[in-house]
Structures are given as structure tokens and as C-alpha cells.
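Shown next, in C-alpha cells, is the structure this report addresses.
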Amino acid sequence: AIFPTGEIPGKLRKDESKLYDLIVFRFFSVFSSPAKIRKKKVECVLKNEKFIFKGSEVIERGWIDFYPYVKFENGALPNVKMGDKLNVIELKAEEKETSPPPRFNPASLVKELEKRNLGTKATRAEIVDTLYRRGYIEGNPIRVTELGFGVIEALKKYVPEIISENLTREFEKKIEEIRAGKKNKIEVIDEAKDQLIDIFTRFKEKEEEIGNVLSEIIERSRTIGTCPSCGGKLKIVKSKKTKKIFVGCSNYPECTTSYPLPQKKGVKISNKKCPICGLPLVSIPMKKGRILRCINPECESKRTSL
Ligand SMILES: [Zn+2]
Ligand SMILES: [Zn+2]
């Protein structure tokens with residue numbers, strides 16, 4: 001709850017003052033009168049093809065005056081009545097392409113969960129956090145990691161119920177019904193127990209297969225190239241002693257080929273290869289964007305920029 005204190009805040013940082021404004025405007029707008037908007041949609045037919053245009057205007061501004069974050073387009077209302085005949089002034093054909101739906105970001109993913117009735121107000125943000133924390137997704141906009149795809153593939157194959165939206169939705173619905181007093185708590189818990197025990201028993205039976213699929217994927221995502229001296233697999237390794245990450249060979253200790261990596265957050269091995277020596281390029285985050293560098297400190301490319 002928000003309690004106005006009447007105290008004027010001292011010096012605020014830019015983001016703090018934005019947040020303060022948002023809260024104050026929001027608070028005021030709640031107490032003002034409703035806004036009234038008139039909308040008109042015109043459908044007209046030309047040679048059996050339907051054309052539509054719309055307009056709207058704000059008649060009473062009400063709370064809009066207290067809440068500058070929403071914009072209402074005040075397109076003039078088309079001045080036509082039902083049954084009017086309109087003249088065609090010009091015909092233009094335009095060619096446009098549809099674009100794919102944008103990738104999710106954390107906020108739009110939470111909205112999507114809500115739309116699909118998954119999770120509750122209290123748990124949705126936490127669900128998305130968990131996906132990040134476990135490395136199933138990364139970045140913003142969100143990308144699914146190799147591991148994320150792998151987990152879904154493995155579960156789909158062996159215990160598809162675990163990733164079934166319906167199962168989750170069903171549970172959420174029953175919880176909601178308990179809250180509304182329509183269902184008995186004990187009954188629902190018993191039902192859930194039966195279902196979950198069945199699922200987990202099958203999971204347990206397939207544990208090894210699922211584990212194999214996952215370790216194969218992790219193995220694959222860690223392998224970044226071929227060792228130039230022995231043909232082994234190059235992998236990102238973390239030194240137990242120094243806790244530093246570097247690139248090492250899978251045939252260690254027989255092969256001691258290794259390359260240092262910058263110890264910086266966000267360093268990734270790109271899927272591009274060095275045009276000069278063929279070793280993988282490492283992608284390093286800088287203030288503006290990322291740069292690609294060969295992992296081999298002795299590579300000629302170090303002397304020129306890529
Ligand atoms: Zn090697
Ligand atoms: Zn190189």
C-alpha cells in the first residue's frame with residue numbers, strides 16, 4: 001500500500017525520480033474521474049473487398065490528465081454515417097511483409113504465462129528467474145540455451161507430462177477452486193499426490209537415459225573446437241586451483257595444449273573461427289558491443305585487428 005507522507009523528497013537520482021513520479025501520478029489518477037473516449041469504426045465495401053478505418057477522440061480527459069504515461073491517439077472521427085456512399089479518390093497497392101513475432105523479454109514472458117494461465121501472480125516472475133538461474137535461457141530479449149533445448153527434448157521424449165502445460169494449469173485451477181471453497185483441500189492433495197508419484201516413478205525409471213541425453217548436450221555445448229596438436233576436443237575448463245577459466249584439451253594430461261581466456265563476465269566462445277589459424281574466436285563484451293579475438297595468443301591475427 002502507498003501512504004502519502006506529504007514529505008518532499010530531497011535530491012533524487014534520475015531513475016529514482018522517474019519511479020517517484022510514476023508512483024505519485026498513479027496515486028493521483030486513481031482518485032480522478034473516469035475518462036471518456038468515443039470510437040468509430042467504418043467498414044466500407046469496394047467491389048466485394050472490405051476496407052476498414054477507425055478514429056477516436058477523448059471527450060472527457062478525467063484521469064488521463066493525472067497520468068502522462070498513456071497516450072491516446074486523437075485521430076479525427078471519420079465523418080460518415082451508416083449507409084453513406086463514399087467516393088474513391090485514389091487506389092494504391094502496397095507490398096508489405098509480415099515480420100516474425102518479437103522474442104520474449106522477462107516482462108512479456110510473464111505476461112504470456114498469465115495469458116496461458118500458468119503460475120500465479122506471486123510465482124510467475126520467480127519462474128522466469130529460475131529459468132535464467134539454471135541456464136535454460138539467457139539474454140534480453142530471451143534466447144533459449146543449448147541446455148534449455150536439451151532439457152525440453154529429453155523430458156518430451158521420456159516423461160512428457162512434466163513439461164505439459166495442461167498438468168500445471170490443472171493444478172493451478174484446483175488450487176484456485178480450493179481458495180474459492182469449491183473443492184476440498186485433502187481431496188486435491190490426494191489427487192495431486194497420485195499423479196505426481198506416477199510421474200516421478202517413471203522419471204526415476206528413465207533417470208539414466210535422461211541423464212545421458214543431458215550430459216551429451218552439456219558436453220557438446222562445452223566443446224568449442226579441435227585441438228591443433230592432438231585432434232582432441234577443446235573445452236572451456238575452470239582451474240580448480242586458481243578458479244580461472246581457460247581453454248584446455250580433452251586429452252589432458254597427455255596433451256597440455258591450453259589457451260588463456262579473459263577473466264571477465266560475459267566472455268563467450270563465439271561459433272566463428274579465426275580466419276588465420278582456424279581456432280575459435282572468443283567474444284569479449286566491451287563498453288559498446290562486443291569484440292572478437294582469436295583464443296591463440298601467438299596467432300598472427302593478434303597483430304592486426306579482425
Ligand atoms: Zn590436445
Ligand atoms: Zn588465430
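Chain labels A, B, ... are given in the sequence in which chains occur in the C-alpha cells; within each chain residues are numbered consecutively from 1, and ligands are likewise numbered from 1 in the order shown.
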
How close does each residue of chain A get to ligand 2, giving the shortest atom pair and distance in Å to one decimal for every residue with an atom at most 9 Å away, counting only C-alpha atoms and all ligand atoms, sorted by chain and residue number, as JSON lines?
{"residue": "A:Lys273", "atom": "CA", "partner": "ligand 2", "partner_atom_place_in_ligand_line": "1 (Zn)", "distance": 7.8}
{"residue": "A:Cys274", "atom": "CA", "partner": "ligand 2", "partner_atom_place_in_ligand_line": "1 (Zn)", "distance": 4.6}
{"residue": "A:Pro275", "atom": "CA", "partner": "ligand 2", "partner_atom_place_in_ligand_line": "1 (Zn)", "distance": 6.7}
{"residue": "A:Ile276", "atom": "CA", "partner": "ligand 2", "partner_atom_place_in_ligand_line": "1 (Zn)", "distance": 5.1}
{"residue": "A:Cys277", "atom": "CA", "partner": "ligand 2", "partner_atom_place_in_ligand_line": "1 (Zn)", "distance": 4.1}
{"residue": "A:Gly278", "atom": "CA", "partner": "ligand 2", "partner_atom_place_in_ligand_line": "1 (Zn)", "distance": 5.9}
{"residue": "A:Leu279", "atom": "CA", "partner": "ligand 2", "partner_atom_place_in_ligand_line": "1 (Zn)", "distance": 5.6}
{"residue": "A:Pro280", "atom": "CA", "partner": "ligand 2", "partner_atom_place_in_ligand_line": "1 (Zn)", "distance": 7.6}
{"residue": "A:Leu281", "atom": "CA", "partner": "ligand 2", "partner_atom_place_in_ligand_line": "1 (Zn)", "distance": 7.5}
{"residue": "A:Arg293", "atom": "CA", "partner": "ligand 2", "partner_atom_place_in_ligand_line": "1 (Zn)", "distance": 7.9}
{"residue": "A:Cys294", "atom": "CA", "partner": "ligand 2", "partner_atom_place_in_ligand_line": "1 (Zn)", "distance": 4.6}
{"residue": "A:Ile295", "atom": "CA", "partner": "ligand 2", "partner_atom_place_in_ligand_line": "1 (Zn)", "distance": 6.7}
{"residue": "A:Asn296", "atom": "CA", "partner": "ligand 2", "partner_atom_place_in_ligand_line": "1 (Zn)", "distance": 5.6}
{"residue": "A:Pro297", "atom": "CA", "partner": "ligand 2", "partner_atom_place_in_ligand_line": "1 (Zn)", "distance": 8.0}
{"residue": "A:Glu298", "atom": "CA", "partner": "ligand 2", "partner_atom_place_in_ligand_line": "1 (Zn)", "distance": 7.8}
{"residue": "A:Cys299", "atom": "CA", "partner": "ligand 2", "partner_atom_place_in_ligand_line": "1 (Zn)", "distance": 4.5}
{"residue": "A:Glu300", "atom": "CA", "partner": "ligand 2", "partner_atom_place_in_ligand_line": "1 (Zn)", "distance": 6.5}
{"residue": "A:Ser301", "atom": "CA", "partner": "ligand 2", "partner_atom_place_in_ligand_line": "1 (Zn)", "distance": 5.5}
{"residue": "A:Lys302", "atom": "CA", "partner": "ligand 2", "partner_atom_place_in_ligand_line": "1 (Zn)", "distance": 7.5}

Hey, could you make a per-residue contact list for chain A against ligand 1 with 10 Å as the cut-off, showing the nearest pair of atoms and its distance in Å to one decimal, counting only C-alpha atoms and all ligand atoms, sorted by chain and number, as a tab-separated table?
residue	atom	partner	partner_atom_place_in_ligand_line	distance
A:Thr226	CA	ligand 1	1 (Zn)	7.9
A:Cys227	CA	ligand 1	1 (Zn)	4.6
A:Pro228	CA	ligand 1	1 (Zn)	6.7
A:Ser229	CA	ligand 1	1 (Zn)	5.3
A:Cys230	CA	ligand 1	1 (Zn)	4.2
A:Gly231	CA	ligand 1	1 (Zn)	5.8
A:Gly232	CA	ligand 1	1 (Zn)	4.8
A:Lys233	CA	ligand 1	1 (Zn)	7.0
A:Leu234	CA	ligand 1	1 (Zn)	7.3
A:Gly248	CA	ligand 1	1 (Zn)	7.8
A:Cys249	CA	ligand 1	1 (Zn)	4.6
A:Ser250	CA	ligand 1	1 (Zn)	6.6
A:Asn251	CA	ligand 1	1 (Zn)	5.5
A:Tyr252	CA	ligand 1	1 (Zn)	7.0
A:Pro253	CA	ligand 1	1 (Zn)	9.0
A:Glu254	CA	ligand 1	1 (Zn)	7.7
A:Cys255	CA	ligand 1	1 (Zn)	4.6
A:Thr256	CA	ligand 1	1 (Zn)	6.5
A:Thr257	CA	ligand 1	1 (Zn)	5.4
A:Ser258	CA	ligand 1	1 (Zn)	8.2

Could you save the residues just selected, with N, CA and C atoms, as a CSV table (one decimal), in the first residue's frame?
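Below is the file part-v1.csv, written as the result:
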chain,number,residue,atom,x,y,z
A,226,THR,N,38.6,-28.2,-32.2
A,226,THR,CA,39.5,-29.3,-32.2
A,226,THR,C,40.9,-28.9,-31.9
A,227,CYS,N,41.6,-29.7,-31.0
A,227,CYS,CA,42.9,-29.4,-30.6
A,227,CYS,C,43.9,-29.5,-31.8
A,228,PRO,N,44.7,-28.4,-32.1
A,228,PRO,CA,45.6,-28.4,-33.2
A,228,PRO,C,46.7,-29.4,-33.0
A,229,SER,N,47.1,-29.8,-31.8
A,229,SER,CA,48.3,-30.6,-31.7
A,229,SER,C,47.9,-32.1,-31.6
A,230,CYS,N,46.7,-32.5,-31.0
A,230,CYS,CA,46.4,-33.9,-30.9
A,230,CYS,C,45.1,-34.3,-31.5
A,231,GLY,N,44.3,-33.4,-32.0
A,231,GLY,CA,43.0,-33.7,-32.5
A,231,GLY,C,41.9,-33.9,-31.5
A,232,GLY,N,42.2,-33.7,-30.2
A,232,GLY,CA,41.2,-33.9,-29.1
A,232,GLY,C,40.2,-32.7,-29.2
A,233,LYS,N,39.3,-32.7,-28.2
A,233,LYS,CA,38.3,-31.7,-28.2
A,233,LYS,C,38.8,-30.5,-27.3
A,234,LEU,N,38.6,-29.3,-27.8
A,234,LEU,CA,39.0,-28.2,-26.9
A,234,LEU,C,37.7,-27.8,-26.1
A,248,GLY,N,41.1,-25.8,-22.6
A,248,GLY,CA,42.1,-26.9,-22.5
A,248,GLY,C,41.7,-28.0,-23.4
A,249,CYS,N,42.5,-29.0,-23.5
A,249,CYS,CA,42.3,-30.2,-24.4
A,249,CYS,C,41.7,-31.3,-23.6
A,250,SER,N,40.8,-32.1,-24.3
A,250,SER,CA,40.2,-33.2,-23.6
A,250,SER,C,41.2,-34.3,-23.3
A,251,ASN,N,42.3,-34.3,-24.0
A,251,ASN,CA,43.3,-35.4,-23.8
A,251,ASN,C,44.3,-35.0,-22.7
A,252,TYR,N,44.0,-34.0,-21.9
A,252,TYR,CA,44.9,-33.7,-20.8
A,252,TYR,C,44.9,-34.9,-19.8
A,253,PRO,N,46.0,-35.3,-19.2
A,253,PRO,CA,47.3,-34.7,-19.1
A,253,PRO,C,48.2,-35.1,-20.3
A,254,GLU,N,47.8,-36.0,-21.2
A,254,GLU,CA,48.7,-36.4,-22.3
A,254,GLU,C,49.0,-35.2,-23.1
A,255,CYS,N,47.9,-34.4,-23.4
A,255,CYS,CA,48.1,-33.2,-24.2
A,255,CYS,C,47.9,-32.0,-23.3
A,256,THR,N,48.9,-31.0,-23.4
A,256,THR,CA,48.8,-29.9,-22.4
A,256,THR,C,48.5,-28.6,-23.2
A,257,THR,N,48.0,-28.7,-24.4
A,257,THR,CA,47.6,-27.5,-25.1
A,257,THR,C,46.5,-26.8,-24.3
A,258,SER,N,46.8,-25.5,-24.2
A,258,SER,CA,45.8,-24.7,-23.5
A,258,SER,C,45.9,-23.2,-23.9

I need the strand (DSSP E) residues of stretch 119-161 of chain A per DSSP on the backbone, written as a VMD selection string. chain A and resid 137 to 138 143 to 144

Since we have the selection now, will you write its residues out, keeping N, CA and C atoms, as an mmCIF file, in the first residue's frame?
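New file selection-v3.cif:
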data_model
loop_
_atom_site.group_PDB
_atom_site.id
_atom_site.type_symbol
_atom_site.label_atom_id
_atom_site.label_comp_id
_atom_site.auth_asym_id
_atom_site.auth_seq_id
_atom_site.Cartn_x
_atom_site.Cartn_y
_atom_site.Cartn_z
ATOM 1 N N ILE A 137 17.719 -20.312 -20.138
ATOM 2 C CA ILE A 137 17.558 -19.175 -21.044
ATOM 3 C C ILE A 137 18.633 -18.150 -20.714
ATOM 4 N N GLU A 138 18.894 -17.234 -21.680
ATOM 5 C CA GLU A 138 19.877 -16.182 -21.412
ATOM 6 C C GLU A 138 19.516 -14.939 -22.202
ATOM 7 N N ARG A 143 16.946 -15.717 -25.196
ATOM 8 C CA ARG A 143 17.268 -16.832 -26.080
ATOM 9 C C ARG A 143 17.329 -18.108 -25.254
ATOM 10 N N VAL A 144 16.842 -19.198 -25.837
ATOM 11 C CA VAL A 144 16.914 -20.480 -25.136
ATOM 12 C C VAL A 144 18.315 -21.043 -25.344
#

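Minimum atom-to-atom distances from A:Ile59, A:Leu19, A:Leu261, A:Ile217 to A:Lys238 were compared using only C-alpha atoms, and the lowest value belongs to A:Leu261.
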
Which neighbours of A:Tyr67 fall inside 9 Å, counting only C-alpha atoms, when residues of the same chain fewer than 4 positions from it are skipped, and could you give them as a list in words? Leu22, Phe25, Arg26, Phe28, Ser29 and Trp63 of chain A

Residue with smallest distance to A:Glu207 - pool A:Ala125, A:Val237, A:Leu155, A:Ile64, counting only C-alpha atoms: A:Leu155

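Of note, atom CA of A:Ile127 and atom CA of A:Ile199 are spaced 20.7 Å apart.
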
Within 10 Å of stretch 159-170 of chain A, which residues of stretch 68-133 of chain A show up? Give each one with its shortest atom-to-atom distance in Å (one decimal) and the two atoms involved, counting only C-alpha atoms, rows by chain then rising residue number, as JSON lines.
{"residue": "A:Arg116", "atom": "CA", "partner": "A:Arg169", "partner_atom": "CA", "distance": 8.2}
{"residue": "A:Asn117", "atom": "CA", "partner": "A:Arg169", "partner_atom": "CA", "distance": 6.2}
{"residue": "A:Leu118", "atom": "CA", "partner": "A:Arg169", "partner_atom": "CA", "distance": 5.7}
{"residue": "A:Gly119", "atom": "CA", "partner": "A:Arg169", "partner_atom": "CA", "distance": 7.8}

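Counting from atom CA of A:Lys268, the distance to atom CA of A:Tyr136 is 16.1 Å.
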
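Comparing A:Thr223, A:Pro100, A:Lys18, A:Val24 by their smallest distance to A:Phe3, the closest is A:Val24 (using only C-alpha atoms).
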
Which residues are close to A:Val128, i.e. within 10 Å by only C-alpha atoms, leaving aside same-chain residues fewer than 3 positions away? Reply as a list in words. Asn105, Pro106, Ala107, Leu109, Val110, Leu113, Thr123, Arg124, Ala125, Leu131, Tyr132, Arg133, Tyr136 and Ile137 of chain A

Test item, helix (DSSP H, G or I) assignment across stretch 99-275 of chain A, answer as a ChimeraX atom specification: /A:106-115,124-133,146-158,160-163,165-179,185-205,207-222

For A:Pro9, list every protein, DNA or RNA residue within 12 Å, evaluated using only C-alpha atoms, and leave out those in the same chain fewer than 4 positions away; present the list as a PyMOL selection string. chain A and resi 4-5+13+16-17+20-21+24

With N, CA, C and O atoms kept, could you save the residues just selected as an mmCIF file, in the first residue's frame?
data_model
loop_
_atom_site.group_PDB
_atom_site.id
_atom_site.type_symbol
_atom_site.label_atom_id
_atom_site.label_comp_id
_atom_site.auth_asym_id
_atom_site.auth_seq_id
_atom_site.Cartn_x
_atom_site.Cartn_y
_atom_site.Cartn_z
ATOM 1 N N PRO A 4 0.723 8.464 1.375
ATOM 2 C CA PRO A 4 1.366 9.756 1.115
ATOM 3 C C PRO A 4 1.814 10.360 2.445
ATOM 4 O O PRO A 4 1.046 10.377 3.409
ATOM 5 N N THR A 5 3.063 10.809 2.511
ATOM 6 C CA THR A 5 3.583 11.359 3.763
ATOM 7 C C THR A 5 3.587 12.869 3.743
ATOM 8 O O THR A 5 3.755 13.510 4.770
ATOM 9 N N ARG A 13 18.159 10.537 -7.644
ATOM 10 C CA ARG A 13 18.841 10.156 -8.888
ATOM 11 C C ARG A 13 17.802 10.107 -9.996
ATOM 12 O O ARG A 13 16.609 10.075 -9.740
ATOM 13 N N GLU A 16 15.496 7.185 -9.747
ATOM 14 C CA GLU A 16 14.675 7.313 -8.537
ATOM 15 C C GLU A 16 13.555 8.317 -8.763
ATOM 16 O O GLU A 16 12.410 8.099 -8.378
ATOM 17 N N SER A 17 13.910 9.431 -9.426
ATOM 18 C CA SER A 17 12.905 10.465 -9.609
ATOM 19 C C SER A 17 11.841 10.011 -10.607
ATOM 20 O O SER A 17 10.664 10.348 -10.480
ATOM 21 N N TYR A 20 9.593 7.823 -8.560
ATOM 22 C CA TYR A 20 8.792 8.651 -7.664
ATOM 23 C C TYR A 20 7.623 9.275 -8.420
ATOM 24 O O TYR A 20 6.475 9.219 -7.984
ATOM 25 N N ASP A 21 7.926 9.841 -9.598
ATOM 26 C CA ASP A 21 6.882 10.446 -10.426
ATOM 27 C C ASP A 21 5.797 9.432 -10.767
ATOM 28 O O ASP A 21 4.608 9.716 -10.670
ATOM 29 N N VAL A 24 3.557 8.825 -7.798
ATOM 30 C CA VAL A 24 2.708 9.978 -7.488
ATOM 31 C C VAL A 24 1.589 10.130 -8.525
ATOM 32 O O VAL A 24 0.411 10.242 -8.179
#

Ranking A:Ile245, A:Leu86, A:Met286, A:Ala35 by minimum distance to A:Val70 and counting only C-alpha atoms, which one comes first? A:Ala35
